[in-house]
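With compact mmCIF, C-alpha atoms and all ligand atoms inside, this is start_0.txt:
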# COMPACT_ATOMS: atom_id res chain seq x y z
CA MET A 1 0.00 0.00 0.00
CA LYS A 2 1.63 3.23 -1.17
CA GLY A 3 0.10 6.64 -1.74
CA LEU A 4 0.47 9.88 0.15
CA GLU A 5 -0.90 9.25 3.64
CA LEU A 6 -2.14 12.38 5.45
CA LYS A 7 -3.11 10.55 8.60
CA LYS A 8 -3.39 6.86 9.27
CA GLY A 9 -5.79 5.49 6.66
CA ILE A 10 -6.39 8.86 4.97
CA TYR A 11 -4.73 9.42 1.59
CA TRP A 12 -4.38 12.17 -0.99
CA VAL A 13 -5.19 10.69 -4.40
CA GLY A 14 -5.55 13.94 -6.35
CA VAL A 15 -3.68 15.28 -9.34
CA VAL A 16 -1.58 18.33 -10.15
CA ASP A 17 -2.60 20.41 -13.18
CA TRP A 18 0.66 22.16 -13.95
CA ASN A 19 -0.48 23.77 -17.17
CA ILE A 20 -3.91 25.27 -16.71
CA ARG A 21 -3.66 29.03 -17.21
CA ASP A 22 -7.32 29.93 -17.62
CA PHE A 23 -9.84 28.54 -15.17
CA HIS A 24 -13.16 29.53 -16.73
CA GLY A 25 -11.84 33.05 -17.22
CA TYR A 26 -9.96 33.26 -13.92
CA LYS A 27 -6.26 33.32 -14.81
CA THR A 28 -4.19 30.70 -13.05
CA PRO A 29 -0.56 31.43 -13.96
CA ASP A 30 0.65 28.89 -11.41
CA GLY A 31 -1.70 26.05 -12.37
CA THR A 32 -3.74 24.23 -9.74
CA THR A 33 -4.41 20.85 -8.18
CA TYR A 34 -7.60 18.82 -8.00
CA ASN A 35 -7.41 17.13 -4.64
CA ALA A 36 -9.31 13.92 -4.00
CA TYR A 37 -9.02 11.80 -0.89
CA LEU A 38 -9.39 8.19 0.11
CA VAL A 39 -10.43 7.19 3.62
CA VAL A 40 -9.60 3.55 4.29
CA ASP A 41 -11.19 1.69 7.17
CA GLU A 42 -13.39 -1.41 7.34
CA LYS A 43 -15.31 0.47 4.67
CA ILE A 44 -13.60 2.71 2.13
CA ALA A 45 -14.71 6.12 0.89
CA LEU A 46 -13.43 8.18 -2.01
CA ILE A 47 -14.03 11.88 -1.45
CA ASP A 48 -14.41 13.84 -4.68
CA THR A 49 -12.98 13.02 -8.08
CA VAL A 50 -11.08 15.13 -10.63
CA LYS A 51 -11.42 16.83 -14.00
CA ARG A 52 -12.21 14.44 -16.83
CA GLN A 53 -8.77 14.72 -18.47
CA PHE A 54 -7.07 13.51 -15.28
CA LEU A 55 -9.21 10.41 -14.76
CA ASP A 56 -6.35 7.98 -15.42
CA GLU A 57 -4.08 9.63 -12.87
CA LEU A 58 -6.78 9.54 -10.22
CA ILE A 59 -7.45 5.87 -10.89
CA ASP A 60 -3.73 5.02 -10.77
CA ASN A 61 -3.42 6.83 -7.45
CA VAL A 62 -6.38 4.99 -5.96
CA ARG A 63 -5.17 1.61 -7.27
CA GLU A 64 -1.86 2.10 -5.51
CA ILE A 65 -3.83 1.89 -2.29
CA VAL A 66 -6.88 -0.31 -2.88
CA ASP A 67 -8.70 -2.20 -5.63
CA LEU A 68 -11.47 -0.14 -7.15
CA GLU A 69 -14.10 -2.82 -6.40
CA LYS A 70 -13.37 -2.41 -2.69
CA ILE A 71 -14.56 1.18 -2.57
CA ASP A 72 -17.86 1.39 -0.70
CA TYR A 73 -18.70 5.09 -0.99
CA LEU A 74 -18.15 7.92 -3.43
CA ILE A 75 -18.76 11.20 -1.64
CA VAL A 76 -19.44 14.22 -3.82
CA ASN A 77 -18.71 17.33 -1.80
CA HIS A 78 -19.15 19.59 -4.83
CA VAL A 79 -20.51 19.07 -8.33
CA GLU A 80 -18.49 21.61 -10.34
CA MET A 81 -16.73 19.91 -13.26
CA ASP A 82 -13.22 20.26 -11.89
CA HIS A 83 -14.33 17.76 -9.22
CA THR A 84 -16.90 15.64 -11.05
CA GLY A 85 -15.77 15.72 -14.68
CA SER A 86 -14.72 12.09 -14.33
CA PHE A 87 -17.81 11.11 -12.29
CA PRO A 88 -19.46 8.85 -14.91
CA GLU A 89 -16.27 6.87 -15.54
CA VAL A 90 -15.43 6.64 -11.84
CA VAL A 91 -18.90 5.29 -11.06
CA LYS A 92 -18.51 2.63 -13.77
CA MET A 93 -15.11 1.60 -12.45
CA MET A 94 -16.23 1.43 -8.82
CA PRO A 95 -19.37 -0.69 -9.14
CA ASN A 96 -19.81 -1.24 -5.41
CA ALA A 97 -19.59 2.40 -4.39
CA LYS A 98 -22.72 4.09 -3.06
CA ILE A 99 -22.89 7.71 -4.17
CA LEU A 100 -23.52 10.32 -1.48
CA ALA A 101 -24.25 14.02 -2.06
CA THR A 102 -26.49 16.74 -0.70
CA LYS A 103 -30.05 16.99 -2.05
CA GLU A 104 -28.92 19.92 -4.20
CA GLY A 105 -25.86 17.94 -5.28
CA LYS A 106 -28.07 15.05 -6.37
CA ASN A 107 -30.20 17.39 -8.51
CA GLU A 108 -27.11 18.91 -10.08
CA LEU A 109 -25.51 15.51 -10.77
CA ILE A 110 -28.70 14.43 -12.56
CA LYS A 111 -28.73 17.64 -14.62
CA HIS A 112 -25.10 17.12 -15.58
CA PHE A 113 -24.96 13.36 -16.09
CA GLY A 114 -28.53 12.07 -16.47
CA ASN A 115 -30.81 10.25 -14.09
CA SER A 116 -29.42 6.74 -14.40
CA TYR A 117 -27.42 7.00 -11.16
CA LYS A 118 -28.60 5.95 -7.74
CA ILE A 119 -27.60 8.85 -5.50
CA ASN A 120 -28.16 8.87 -1.75
CA THR A 121 -28.58 12.24 -0.09
CA VAL A 122 -27.04 13.44 3.17
CA ASP A 123 -27.85 16.44 5.31
CA SER A 124 -25.93 18.47 7.89
CA GLY A 125 -25.35 16.40 11.00
CA ASP A 126 -25.70 13.05 9.23
CA THR A 127 -22.92 10.60 9.95
CA LEU A 128 -21.54 7.54 8.23
CA SER A 129 -19.51 4.91 10.05
CA LEU A 130 -16.64 3.38 8.11
CA GLY A 131 -15.66 1.16 11.06
CA LYS A 132 -13.33 2.96 13.44
CA LYS A 133 -13.71 6.21 11.55
CA THR A 134 -16.88 8.26 11.32
CA LEU A 135 -17.67 10.72 8.56
CA SER A 136 -19.87 13.64 9.45
CA PHE A 137 -21.41 15.95 6.85
CA ILE A 138 -21.83 19.72 7.03
CA LYS A 139 -23.79 21.44 4.28
CA THR A 140 -22.22 24.72 3.15
CA PRO A 141 -24.74 26.01 0.58
CA MET A 142 -23.44 28.76 -1.71
CA LEU A 143 -19.84 28.20 -0.67
CA HIS A 144 -19.79 28.38 -3.47
CA TRP A 145 -22.53 26.35 -5.18
CA PRO A 146 -25.90 25.28 -3.78
CA ASP A 147 -24.63 21.69 -3.49
CA SER A 148 -21.44 22.38 -1.55
CA MET A 149 -20.67 20.49 1.63
CA PHE A 150 -17.79 19.61 3.94
CA THR A 151 -17.01 16.09 5.09
CA TYR A 152 -15.36 15.72 8.50
CA VAL A 153 -13.55 12.68 9.88
CA VAL A 154 -14.55 12.82 13.53
CA GLU A 155 -11.82 10.65 15.08
CA ASP A 156 -8.98 12.20 13.05
CA LYS A 157 -10.32 15.77 13.16
CA VAL A 158 -9.77 16.17 9.44
CA LEU A 159 -12.03 18.52 7.50
CA PHE A 160 -12.44 17.96 3.77
CA SER A 161 -13.47 21.47 2.90
CA SER A 162 -14.23 21.21 -0.80
CA ASP A 163 -13.40 24.51 -2.55
CA ALA A 164 -13.16 26.51 0.69
CA PHE A 165 -9.63 27.29 1.96
CA GLY A 166 -8.11 26.27 -1.38
CA GLN A 167 -5.53 27.87 -3.61
CA HIS A 168 -4.86 27.59 -7.32
CA TYR A 169 -1.22 26.63 -7.15
CA ALA A 170 0.51 23.64 -8.72
CA SER A 171 3.36 22.33 -6.62
CA SER A 172 5.30 19.20 -5.86
CA TYR A 173 4.59 19.98 -2.20
CA ARG A 174 1.27 19.06 -0.61
CA PHE A 175 1.37 20.67 2.84
CA ASP A 176 1.31 24.19 4.25
CA ASP A 177 4.46 23.61 6.31
CA GLU A 178 6.48 22.79 3.19
CA VAL A 179 6.17 26.26 1.64
CA ASP A 180 6.54 29.89 2.68
CA LYS A 181 3.70 31.44 4.65
CA SER A 182 3.77 34.44 2.30
CA LEU A 183 3.01 32.14 -0.62
CA LEU A 184 0.08 30.63 1.27
CA HIS A 185 -1.27 34.06 2.15
CA GLU A 186 -0.96 35.32 -1.40
CA THR A 187 -2.46 32.29 -3.12
CA ALA A 188 -5.26 31.78 -0.61
CA GLY A 189 -6.10 35.50 -0.85
CA ASP A 190 -6.16 35.46 -4.63
CA TYR A 191 -8.49 32.44 -4.56
CA PHE A 192 -10.75 33.93 -1.88
CA ALA A 193 -11.08 37.27 -3.67
CA ASN A 194 -11.93 35.79 -7.05
CA ILE A 195 -14.14 32.92 -5.97
CA LEU A 196 -15.57 33.54 -2.52
CA TRP A 197 -15.59 37.28 -1.87
CA LEU A 198 -19.26 37.58 -2.82
CA TYR A 199 -20.13 35.05 -0.14
CA SER A 200 -18.36 36.81 2.75
CA PRO A 201 -21.48 37.02 4.97
CA LEU A 202 -22.04 33.26 4.57
CA ILE A 203 -18.40 32.56 5.38
CA LEU A 204 -18.61 34.52 8.62
CA GLN A 205 -21.81 32.67 9.49
CA LEU A 206 -20.21 29.31 8.70
CA ILE A 207 -17.16 30.05 10.85
CA GLU A 208 -19.46 31.01 13.72
CA ASN A 209 -21.55 27.86 13.28
CA VAL A 210 -18.54 25.56 13.18
CA GLN A 211 -17.12 27.24 16.30
CA SER A 212 -20.42 26.88 18.14
CA MET A 213 -20.59 23.19 17.17
CA GLY A 214 -17.25 22.76 18.95
CA ILE A 215 -15.69 20.92 16.03
CA GLU A 216 -11.97 20.46 16.57
CA ILE A 217 -9.86 20.73 13.46
CA GLU A 218 -6.36 19.29 13.17
CA MET A 219 -6.20 19.33 9.40
CA ILE A 220 -8.06 21.09 6.59
CA ALA A 221 -7.90 19.28 3.28
CA PRO A 222 -9.33 21.45 0.50
CA ASP A 223 -10.01 20.46 -3.10
CA HIS A 224 -7.29 22.77 -4.47
CA GLY A 225 -3.75 23.54 -3.40
CA PHE A 226 -1.98 22.86 -0.13
CA ILE A 227 -3.35 20.86 2.80
CA TRP A 228 -3.36 22.77 6.07
CA ARG A 229 -1.77 20.57 8.75
CA ASP A 230 0.70 22.86 10.49
CA ASN A 231 -1.76 25.56 11.51
CA PRO A 232 -5.15 24.89 9.92
CA LEU A 233 -6.83 27.70 11.79
CA GLN A 234 -4.53 30.22 10.15
CA VAL A 235 -6.49 30.15 6.92
CA VAL A 236 -9.77 30.33 8.84
CA GLU A 237 -8.50 33.52 10.50
CA TRP A 238 -7.55 34.93 7.10
CA TYR A 239 -11.01 34.10 5.75
CA ALA A 240 -12.64 35.86 8.69
CA MET A 241 -10.44 38.92 8.15
CA TRP A 242 -11.06 39.08 4.40
CA SER A 243 -14.80 38.49 4.85
CA GLN A 244 -14.96 41.40 7.28
CA GLY A 245 -13.29 43.62 4.69
CA GLU A 246 -10.13 44.40 6.66
CA SER A 247 -7.71 46.38 4.52
CA LYS A 248 -4.66 48.65 4.67
CA ASP A 249 -3.83 52.14 3.45
CA LYS A 250 -3.49 51.19 -0.18
CA VAL A 251 -5.14 52.31 -3.40
CA VAL A 252 -5.55 50.39 -6.64
CA ILE A 253 -5.77 52.67 -9.67
CA VAL A 254 -7.33 50.60 -12.38
CA TYR A 255 -7.65 52.29 -15.73
CA ASP A 256 -7.32 52.14 -19.46
CA THR A 257 -6.42 54.77 -21.99
CA MET A 258 -6.86 55.52 -25.73
CA TRP A 259 -4.18 58.07 -26.58
CA GLY A 260 -2.52 58.36 -23.19
CA SER A 261 -4.48 61.19 -21.52
CA THR A 262 -6.27 59.04 -18.94
CA GLU A 263 -2.95 57.36 -18.24
CA LYS A 264 -1.32 60.74 -17.60
CA MET A 265 -4.12 61.47 -15.18
CA ALA A 266 -3.59 58.10 -13.45
CA LYS A 267 0.12 58.84 -12.98
CA GLY A 268 -0.58 62.33 -11.66
CA ILE A 269 -3.13 60.98 -9.21
CA SER A 270 -0.75 58.26 -8.06
CA LYS A 271 1.88 60.89 -7.18
CA GLY A 272 -0.60 62.65 -4.93
CA ILE A 273 -1.46 59.40 -3.20
CA VAL A 274 2.20 58.58 -2.61
CA GLU A 275 2.77 62.07 -1.19
CA GLU A 276 0.22 61.20 1.45
CA GLY A 277 2.22 58.09 2.38
CA VAL A 278 -0.32 55.66 0.96
CA GLU A 279 0.69 52.64 -1.09
CA VAL A 280 -0.57 52.67 -4.65
CA LYS A 281 -0.78 50.16 -7.48
CA LEU A 282 -1.37 51.29 -11.08
CA LEU A 283 -2.91 48.64 -13.29
CA ARG A 284 -3.85 49.12 -16.92
CA ILE A 285 -6.73 46.81 -17.65
CA ARG A 286 -5.71 45.62 -21.11
CA ASP A 287 -2.37 44.49 -19.73
CA THR A 288 -3.62 42.94 -16.51
CA TYR A 289 -5.84 39.95 -15.81
CA ASN A 290 -9.07 40.82 -14.02
CA SER A 291 -8.29 38.20 -11.40
CA TYR A 292 -4.91 39.85 -10.68
CA ILE A 293 -6.57 43.24 -10.17
CA ILE A 294 -9.08 41.66 -7.80
CA LYS A 295 -6.28 40.06 -5.80
CA GLU A 296 -4.59 43.44 -5.45
CA LEU A 297 -7.87 44.99 -4.35
CA LEU A 298 -8.42 42.50 -1.53
CA ASP A 299 -6.21 44.32 0.97
CA SER A 300 -6.72 47.84 -0.44
CA ARG A 301 -9.01 50.37 1.17
CA GLY A 302 -9.46 52.37 -2.03
CA ILE A 303 -10.05 51.92 -5.72
CA LEU A 304 -9.88 54.61 -8.41
CA VAL A 305 -11.28 53.79 -11.82
CA GLY A 306 -10.00 55.66 -14.87
CA THR A 307 -11.69 55.57 -18.25
CA PRO A 308 -11.63 57.66 -21.40
CA THR A 309 -14.92 58.40 -23.11
CA LEU A 310 -15.62 56.39 -26.23
CA ASN A 311 -18.88 56.91 -28.13
CA ASN A 312 -20.46 58.75 -25.19
CA GLY A 313 -19.74 55.94 -22.75
CA MET A 314 -16.93 54.25 -20.88
CA PHE A 315 -14.11 52.41 -22.56
CA PRO A 316 -15.40 48.84 -23.15
CA VAL A 317 -12.58 47.01 -21.31
CA VAL A 318 -13.27 49.16 -18.24
CA GLY A 319 -16.91 48.08 -18.43
CA GLY A 320 -15.80 44.46 -18.63
CA PHE A 321 -13.66 44.76 -15.52
CA LEU A 322 -16.34 46.62 -13.57
CA THR A 323 -18.90 43.95 -14.45
CA TYR A 324 -16.54 41.34 -12.98
CA LEU A 325 -15.97 43.52 -9.90
CA LYS A 326 -19.70 44.09 -9.40
CA GLY A 327 -20.28 40.34 -9.23
CA LEU A 328 -17.79 39.98 -6.35
CA ARG A 329 -19.22 42.80 -4.17
CA PRO A 330 -15.94 43.73 -2.39
CA LYS A 331 -16.40 44.78 1.21
CA LYS A 332 -15.70 48.16 2.86
CA LYS A 333 -14.04 49.88 -0.08
CA ILE A 334 -14.12 53.52 -1.04
CA GLY A 335 -13.74 54.70 -4.61
CA ALA A 336 -13.98 57.41 -7.25
CA CYS A 337 -13.64 57.75 -11.01
CA PHE A 338 -11.60 59.87 -13.39
CA GLY A 339 -10.97 60.11 -17.10
CA SER A 340 -10.41 62.20 -20.18
CA TYR A 341 -12.79 63.02 -23.01
CA GLY A 342 -12.74 64.85 -26.35
CA TRP A 343 -15.87 66.68 -27.40
CA GLY A 344 -18.32 65.09 -24.97
CA GLY A 345 -17.98 63.13 -21.72
CA GLY A 346 -20.09 60.37 -20.27
CA ALA A 347 -17.59 57.68 -19.33
CA CYS A 348 -17.21 58.58 -15.66
CA ALA A 349 -20.97 58.66 -15.06
CA SER A 350 -21.46 55.15 -16.41
CA ALA A 351 -18.32 53.84 -14.65
CA GLN A 352 -19.44 55.34 -11.35
CA GLU A 353 -22.81 53.64 -11.68
CA LEU A 354 -21.10 50.24 -11.84
CA VAL A 355 -18.72 51.15 -9.02
CA GLU A 356 -21.73 51.95 -6.82
CA GLN A 357 -23.48 48.76 -7.88
CA ALA A 358 -20.38 46.86 -6.73
CA GLY A 359 -21.09 48.16 -3.22
CA ILE A 360 -18.16 50.58 -3.20
CA GLU A 361 -18.74 53.87 -1.40
CA VAL A 362 -18.03 56.70 -3.84
CA VAL A 363 -16.38 59.45 -1.82
CA SER A 364 -15.80 62.17 -4.39
CA ASP A 365 -17.11 63.55 -7.65
CA PRO A 366 -15.36 62.26 -10.75
CA LEU A 367 -12.40 64.15 -12.14
CA GLU A 368 -12.91 64.67 -15.88
CA LEU A 369 -10.53 66.53 -18.20
CA GLN A 370 -10.82 67.44 -21.87
CA TRP A 371 -8.29 66.28 -24.47
CA VAL A 372 -4.70 66.17 -23.21
CA PRO A 373 -4.14 67.31 -19.60
CA THR A 374 -2.05 70.47 -19.21
CA ILE A 375 0.58 70.90 -16.51
CA GLU A 376 -1.96 72.78 -14.45
CA GLU A 377 -4.47 70.00 -14.90
CA ILE A 378 -1.93 67.38 -13.85
CA LYS A 379 -1.56 69.37 -10.63
CA LYS A 380 -5.32 68.97 -10.20
CA CYS A 381 -4.88 65.23 -10.63
CA ARG A 382 -2.23 65.25 -7.93
CA GLU A 383 -4.60 67.11 -5.61
CA PHE A 384 -7.37 64.65 -6.45
CA GLY A 385 -5.02 61.82 -5.45
CA LYS A 386 -4.02 63.56 -2.22
CA GLU A 387 -7.62 64.16 -1.19
CA PHE A 388 -8.53 60.57 -1.94
CA ALA A 389 -5.53 59.27 0.02
CA LYS A 390 -6.61 61.33 3.03
CA LYS A 391 -10.00 59.59 2.94
CA VAL A 392 -8.24 56.23 2.72
CA LYS A 393 -6.38 57.03 5.93
CA GLU A 394 -9.49 58.17 7.84
FE1 LIG B 401 -13.09 23.69 -7.56
FE2 LIG B 401 -16.21 25.07 -7.48
O1 LIG B 401 -14.83 23.98 -8.10
Target encoding structure tokens, full file:
Amino acid sequence: MKGLELKKGIYWVGVVDWNIRDFHGYKTPDGTTYNAYLVVDEKIALIDTVKRQFLDELIDNVREIVDLEKIDYLIVNHVEMDHTGSFPEVVKMMPNAKILATKEGKNELIKHFGNSYKINTVDSGDTLSLGKKTLSFIKTPMLHWPDSMFTYVVEDKVLFSSDAFGQHYASSYRFDDEVDKSLLHETAGDYFANILWLYSPLILQLIENVQSMGIEIEMIAPDHGFIWRDNPLQVVEWYAMWSQGESKDKVVIVYDTMWGSTEKMAKGISKGIVEEGVEVKLLRIRDTYNSYIIKELLDSRGILVGTPTLNNGMFPVVGGFLTYLKGLRPKKKIGACFGSYGWGGGACASAQELVEQAGIEVVSDPLELQWVPTIEEIKKCREFGKEFAKKVKE
């Protein structure tokens, strides 16, 4: 019996996707992993599967530990295709495995794969004895799909947390204590901001519920990235902090430009912000992935959005970014807009509308300038930046 054993009888059987760079639009320059787990006792449970293209690797990993016919349960914590793409094949190859999912998970599995599967449903608080080990199920609806749930091994205090507490990062290492803490913070934050930020209130509620249930956690094993065994509560603390919208004195200036005028404004504004001792990050949208901008925004108190006017409205790529931002509803941010125009404005008004719809508090009127900014007008930009930075520090 080989395999990577996390605790006695609990194995990682997932795969590393070194080459994925676009995860349904979310850029993943460092790849990811699809973690699946095997719990071996008198009965044997496979927790989650992997993307369809990695089926063979999953099966090889499982076979290193047990014969496929010996698997008694297939537990589906989450139906998204990166975890169930290989579901139909896995079910065929494990003929004795009972399928367990939440009620919502069952419905989604049927909608994805047809109704020829016998799927048993579990609810929060239900338990399943594997012999010496007991699995307990905790539904986590909308973290981040309706079907989502955690599976907890009571005796080993291991929490299989599905997508929660994950990171998109391919590595030859599997555990938090094998890599730098700064890498964990960065990758977990990026993942949180782009996938879970919208659900911050639910995350806070979940953390409270789990604490009140008195569940002890020695290990958190998510479906992506590193397994938290050194200090599993560290990532829970980070999630609580991010969900509450904690930030630092930092401003993200996100902008695009046609002939350079809005960019000149962005640079002038950034100087004013720096003069106030506030960190600033300038990001031109066409050169920066949306998901990277969102990661930078996570710990920033402020966001300034710059757009030239094109055809009486905002520059289309700015609209694309703001639509993405609006969906994530970042917490406790302040913002404002700026931009240049030729013979008629309009961009800042439509950009500000989306900024407000994203839940960002707009703290000043937009700064709009015609054609190319003069030296005097650049001074105005600097002042605009200073005033905004002061509000960031309040
Ligand atoms: Fe990793 Fe929601 O899938």
- Message: To one decimal place in Å, what is the distance between CA of Arg284 (chain A) and CA of Tyr26 (chain A)?
- Response: 17.3 Å
- Message: Hey, which residues sit close to ligand LIG 401 (chain B)? Say within 7 Å, counting all atoms listed in the file, and write them as a VMD selection string.
- Response: chain A and resid 78 80 to 83 144 to 145 163 223 to 224
- Message: What's around Gly268 (chain A) at 7 Å? Count all atoms listed in the file, leave out sequence neighbours fewer than 5 positions away in its own chain, and write the answer as JSON, numbers by chain.
- Response: {"A": [378, 381, 382]}
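Candidate residues A:Ser161, A:Lys393, A:Gln53, A:Glu383 were compared for distance to Lys248 (chain A), and the nearest is A:Lys393, using all atoms listed in the file.
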Hey, could you make a per-residue contact list for region 42-155 of chain A against region 205-209 of chain A with 12 Å as the cut-off, showing the nearest pair of atoms and its distance in Å to one decimal, counting all atoms listed in the file, sorted by chain and number, as CSV?
residue,atom,partner,partner_atom,distance
A:Ser124,CA,A:Asn209,CA,11.7
A:Ile138,CA,A:Leu206,CA,9.9
A:Lys139,CA,A:Leu206,CA,9.7
A:Thr140,CA,A:Leu206,CA,7.5
A:Pro141,CA,A:Leu206,CA,9.9
A:Met142,CA,A:Leu206,CA,10.9
A:Leu143,CA,A:Leu206,CA,9.4
A:Met149,CA,A:Leu206,CA,11.3
A:Phe150,CA,A:Leu206,CA,11.1
- Item | All residues 7 Å or closer to Val76 (chain A), all atoms listed in the file, same chain fewer than 6 positions away omitted, as a PyMOL selection string | chain A and resi 47-48+100-101
- Leaving out Ala351 (chain A) and any residue of its chain fewer than 3 positions from it, which residues lie within 10 Å of it when counting all atoms listed in the file, given as a list of chain:residue names? A:Val305, A:Gly306, A:Thr307, A:Gly313, A:Met314, A:Phe315, A:Val318, A:Gly319, A:Leu322, A:Thr323, A:Ala336, A:Cys337, A:Phe338, A:Gly339, A:Gly346, A:Ala347, A:Cys348, A:Leu354, A:Val355, A:Glu356, A:Gln357, A:Pro366
